[in-house]
Amino acid sequence: MGTAQKLNVKKYVLQHWPAYTVGLTAMLLSVSLDMLSPIITQHIIDDVVIARQIELLWKFLLGYLAVGVGRCVFQYVKEYLFDTTAAQIGSQLRIDLFRKIQSLSAAFFDKINSGELMSRVKDDIDRIWDGLGFIGMLIIEVTVHTVIVLYCMYSLCWQLAVIPTVGMIIAGCVAVLMERKLGGIYEDISQENSVLNNTAQENLSGVRTVKAFAREAFEIKKFSGHNSRYYDLNVKQSKVFVTYYPFIQAVTHLLPVLVLLSGGLMVIRKGLTLGELSAFVQYSMNIVWPMEMLGWLTNGLSSALASGRRINAVYAETPQIIEKELPVLLPDVKGSIEFDNVSFIKDDTRPILRDVSFTVPAGHSIGIMGATGAGKTTVINLLKRMYDATSGTIRLDGTDIKNLTLKQLRTSVACVMQDIFLFSDTICDNVKLGRKNSLAMPAVKDAVHRAQAGSFVEKMDEQYETVIGERGVGLSGGQKQRLTIARALSCGAPVLVLDDSTSALDTETEQEIQKMLSKLTGTTKIIIAHRISAVRTADEIIVLDKGAVAERGTHEQLLAQKGLYYKTYKTQYDGITENN
């Protein structure tokens, strides 16, 4: 098993500490300059207006100008550095999360839907990005701003400073209470967002199936149900926000009034000058906006924390398929395959394969037949180490595949799987998927023609540069199958697996494919099929029944046994089903 990981945001922040340091310094200077404005106002009132020292006015006005210009420069530096750095970290977080997802084994993808993973990669990373960008920046700025304002107010008049301090404590308590209420709601919103994404994706991917069965109304109703749930959760979030936020607003609106009334009495009693009162009122107004921001910042912080927890759930997953610390690297893979008493139990309860043994010498072929659910495709999944066998050993060229690197193992086995998948890309790029950077155009064309796909590809307007739709939309089942065969052939792998790969082809095309495969010398072929015609020329054929090898032999030997293979043959060729 692999080692569980955890999202370490601190690591990403420390990697960009110079930018954050400069940004924080610019923030500190900007806030400090902002605190000079009330002092300048105090001196204008006390020294210029009351003491009538008019000659000092131009110095104070220049001071205002310097403060304004300085704040513009430092605010720009702060905003730019925080935004660009957060963008870099967000981009790296997304790449690392995607890399983590790619490292996980097939068992992980069996239990999670793609819509939820898309939500993790896009929406949750975006919220953390915001948390490290403008939300995080504002939280720090609010903290720094509040500390400096309180220091200035206590330096000016500690008696008056008690009023905004009490107001801050009240607003802070309300904000903490609101954050606790919002935390759980954000978890639910994020989860429902994943479900909503997955429902939409499934519907749009299978829209032709939906229309074929006239299920539009059902799908709309299903989507509407999730959409209503998402709406209800967002309304619940808004209700929490509007319940608590007015208390913060009440404090912020009441604060300047209380300061002005209390300060006015002190001015009347000569305990404070009019200029000092004006400066203090400005400071109290300066402390209002941090309190007003508390609700919104709490909202954003709660969202980022909830996203972090959901991403951590992905990082906590460990890949079940891992390489040895010192793997074996075969100098030249020949392609001999051996299954030695291989069994596979899925989810610790369902036996899929039971003591399956067979050997395929390099360059030879084996056919695998059996009813649906007999375990045919599982044989290939185990060979490619999508899963590990519960017991027994699988060998490639005499070496246990668990001792090989995953890259060498998987690039040595080219597959044409039942579940046809073509990317929304050109035909050329789809065909050379396994050798993207090394396959020349003549080799692409050769693979396409050997797969009997050249006849329709070269009739297209753009030919090999034709962009096909998602999952091959716009192509027939047979055309998609032929392109996936071409893709496997283009790899030039020593082992070729065809899992029911000619089921959508007409008889003539299938025969041409069979002729091509028979001429493919030096390649080990594993042919999984329901049709006798696909496996009859194989060097050996095994028939799986309920996960175990029920029959084995050549085509002629199996017919002579008059068992499962013989019944299948009679059904396909004579239309006769024996009831025994």
# chains A, B, ... in the order shown; residues from 1 in each chain; ligands from 1
$ residues_around --residues "A:Gly547" --least-positions-apart "2" --cutoff "7 Å" --atoms "only C-alpha atoms" --output "PyMOL selection string"
chain A and resi 352-354+374-375+544-545+549
$ closest_atom_pairs --of "stretch 30-122 of chain A" --to "stretch 332-350 of chain A" --cutoff "12 Å" --atoms "only C-alpha atoms" --output "JSON lines"
{"residue": "A:Ala106", "atom": "CA", "partner": "A:Lys346", "partner_atom": "CA", "distance": 11.7}
{"residue": "A:Ala107", "atom": "CA", "partner": "A:Asp347", "partner_atom": "CA", "distance": 9.0}
{"residue": "A:Phe108", "atom": "CA", "partner": "A:Asp347", "partner_atom": "CA", "distance": 11.5}
{"residue": "A:Asp110", "atom": "CA", "partner": "A:Asp347", "partner_atom": "CA", "distance": 10.5}
{"residue": "A:Lys111", "atom": "CA", "partner": "A:Asp347", "partner_atom": "CA", "distance": 10.8}
$ residues_around --residues "A:Met417" --least-positions-apart "4" --cutoff "8 Å" --atoms "only C-alpha atoms" --output "PDB file with N, CA, C and O atoms, in the first residue's frame"
ATOM      1  N   VAL A 497      -3.743  -7.290 -26.634  1.00  0.00           N
ATOM      2  CA  VAL A 497      -4.969  -7.810 -26.036  1.00  0.00           C
ATOM      3  C   VAL A 497      -6.156  -7.251 -26.803  1.00  0.00           C
ATOM      4  O   VAL A 497      -6.263  -6.042 -27.014  1.00  0.00           O
ATOM      5  N   LEU A 498      -7.060  -8.138 -27.218  1.00  0.00           N
ATOM      6  CA  LEU A 498      -8.284  -7.712 -27.894  1.00  0.00           C
ATOM      7  C   LEU A 498      -9.468  -8.244 -27.100  1.00  0.00           C
ATOM      8  O   LEU A 498      -9.735  -9.446 -27.103  1.00  0.00           O
ATOM      9  N   ASP A 499     -10.137  -7.340 -26.405  1.00  0.00           N
ATOM     10  CA  ASP A 499     -11.255  -7.720 -25.546  1.00  0.00           C
ATOM     11  C   ASP A 499     -12.573  -7.445 -26.276  1.00  0.00           C
ATOM     12  O   ASP A 499     -13.057  -6.318 -26.274  1.00  0.00           O
ATOM     13  N   ASP A 500     -13.098  -8.478 -26.905  1.00  0.00           N
ATOM     14  CA  ASP A 500     -14.353  -8.355 -27.659  1.00  0.00           C
ATOM     15  C   ASP A 500     -14.268  -7.187 -28.636  1.00  0.00           C
ATOM     16  O   ASP A 500     -15.189  -6.382 -28.764  1.00  0.00           O
ATOM     17  N   SER A 501     -13.134  -7.107 -29.332  1.00  0.00           N
ATOM     18  CA  SER A 501     -12.809  -5.913 -30.117  1.00  0.00           C
ATOM     19  C   SER A 501     -13.407  -5.901 -31.513  1.00  0.00           C
ATOM     20  O   SER A 501     -13.255  -4.918 -32.240  1.00  0.00           O
TER      21      SER A 501
END
$ residues_around --residues "stretch 169-179 of chain A" --least-positions-apart "4" --cutoff "12 Å" --atoms "only C-alpha atoms" --output "CSV table (one decimal) with C-alpha atoms, in the first residue's frame"
chain,number,residue,atom,x,y,z
A,142,VAL,CA,-7.9,43.5,8.7
A,143,THR,CA,-5.8,42.1,11.5
A,146,THR,CA,-7.1,46.7,13.6
A,162,VAL,CA,-12.5,51.2,25.3
A,163,ILE,CA,-15.7,51.8,23.3
A,164,PRO,CA,-14.3,50.5,19.9
A,165,THR,CA,-12.5,47.7,21.7
A,183,GLY,CA,-18.8,25.4,8.2
A,184,GLY,CA,-21.2,22.4,8.0
A,185,ILE,CA,-23.4,24.1,5.5
A,186,TYR,CA,-20.4,24.6,3.1
A,237,GLN,CA,-26.4,29.6,4.0
A,238,SER,CA,-27.9,33.0,3.2
A,239,LYS,CA,-30.3,32.7,6.2
A,240,VAL,CA,-27.3,32.2,8.5
A,241,PHE,CA,-25.5,35.1,7.0
A,242,VAL,CA,-28.5,37.5,7.2
A,243,THR,CA,-29.3,36.4,10.7
A,244,TYR,CA,-25.9,37.2,12.2
A,245,TYR,CA,-24.5,39.9,9.9
A,246,PRO,CA,-27.0,42.6,11.0
A,247,PHE,CA,-25.5,42.4,14.5
A,248,ILE,CA,-22.1,43.2,13.1
A,249,GLN,CA,-23.6,46.1,11.1
A,250,ALA,CA,-25.4,47.4,14.1
A,251,VAL,CA,-22.1,47.6,16.1
A,252,THR,CA,-20.3,49.3,13.2
A,253,HIS,CA,-23.0,52.0,12.8
A,254,LEU,CA,-23.4,52.6,16.6
A,255,LEU,CA,-19.7,52.8,17.2
A,287,ILE,CA,-12.0,50.4,12.5
A,288,VAL,CA,-15.6,50.1,11.2
A,289,TRP,CA,-14.7,48.5,7.8
A,290,PRO,CA,-12.7,45.6,9.4
A,291,MET,CA,-15.8,44.8,11.4
A,292,GLU,CA,-18.0,45.0,8.4
A,293,MET,CA,-15.6,42.7,6.5
A,294,LEU,CA,-15.7,40.1,9.2
A,295,GLY,CA,-19.0,38.5,8.0
A,296,TRP,CA,-17.9,38.3,4.4
A,297,LEU,CA,-14.4,37.1,5.3
A,298,THR,CA,-15.8,34.5,7.6
A,299,ASN,CA,-17.9,33.3,4.7
A,300,GLY,CA,-15.0,33.0,2.4
A,301,LEU,CA,-12.7,31.4,5.0
A,302,SER,CA,-15.3,28.8,5.9
A,303,SER,CA,-15.7,27.9,2.2
A,304,ALA,CA,-11.9,27.6,1.8
A,305,LEU,CA,-11.6,25.4,4.9
A,306,ALA,CA,-14.4,23.1,3.8
$ select_by_dssp --residues "stretch 300-373 of chain A" --states "helix (DSSP H, G or I)" --output "MDAnalysis selection string"
chainID A and resid 300:315
$ write_last_selection --atoms "N, CA and C atoms" --output "tab-separated table (two decimals), in the first residue's frame"
chain	number	residue	atom	x	y	z
A	300	GLY	N	-15.98	33.47	3.29
A	300	GLY	CA	-14.96	32.97	2.37
A	300	GLY	C	-14.01	31.99	3.04
A	301	LEU	N	-13.63	32.29	4.29
A	301	LEU	CA	-12.72	31.41	5.01
A	301	LEU	C	-13.36	30.04	5.27
A	302	SER	N	-14.63	30.05	5.65
A	302	SER	CA	-15.35	28.79	5.89
A	302	SER	C	-15.38	27.94	4.63
A	303	SER	N	-15.61	28.60	3.49
A	303	SER	CA	-15.66	27.89	2.22
A	303	SER	C	-14.30	27.27	1.89
A	304	ALA	N	-13.23	28.05	2.10
A	304	ALA	CA	-11.88	27.55	1.80
A	304	ALA	C	-11.51	26.38	2.71
A	305	LEU	N	-11.86	26.47	4.00
A	305	LEU	CA	-11.56	25.39	4.94
A	305	LEU	C	-12.32	24.12	4.60
A	306	ALA	N	-13.60	24.30	4.20
A	306	ALA	CA	-14.40	23.13	3.81
A	306	ALA	C	-13.80	22.46	2.57
A	307	SER	N	-13.34	23.27	1.62
A	307	SER	CA	-12.71	22.72	0.41
A	307	SER	C	-11.42	22.00	0.76
A	308	GLY	N	-10.67	22.57	1.70
A	308	GLY	CA	-9.43	21.92	2.13
A	308	GLY	C	-9.69	20.54	2.72
A	309	ARG	N	-10.76	20.43	3.50
A	309	ARG	CA	-11.10	19.12	4.10
A	309	ARG	C	-11.48	18.11	3.02
A	310	ARG	N	-12.18	18.55	2.00
A	310	ARG	CA	-12.61	17.65	0.94
A	310	ARG	C	-11.42	17.21	0.09
A	311	ILE	N	-10.49	18.11	-0.15
A	311	ILE	CA	-9.29	17.74	-0.90
A	311	ILE	C	-8.43	16.79	-0.08
A	312	ASN	N	-8.39	17.01	1.22
A	312	ASN	CA	-7.63	16.11	2.10
A	312	ASN	C	-8.18	14.69	2.05
A	313	ALA	N	-9.49	14.58	1.82
A	313	ALA	CA	-10.09	13.25	1.71
A	313	ALA	C	-9.53	12.50	0.51
A	314	VAL	N	-9.20	13.24	-0.56
A	314	VAL	CA	-8.58	12.61	-1.74
A	314	VAL	C	-7.12	12.27	-1.43
A	315	TYR	N	-6.41	13.22	-0.78
A	315	TYR	CA	-5.01	12.97	-0.45
A	315	TYR	C	-4.85	11.82	0.54
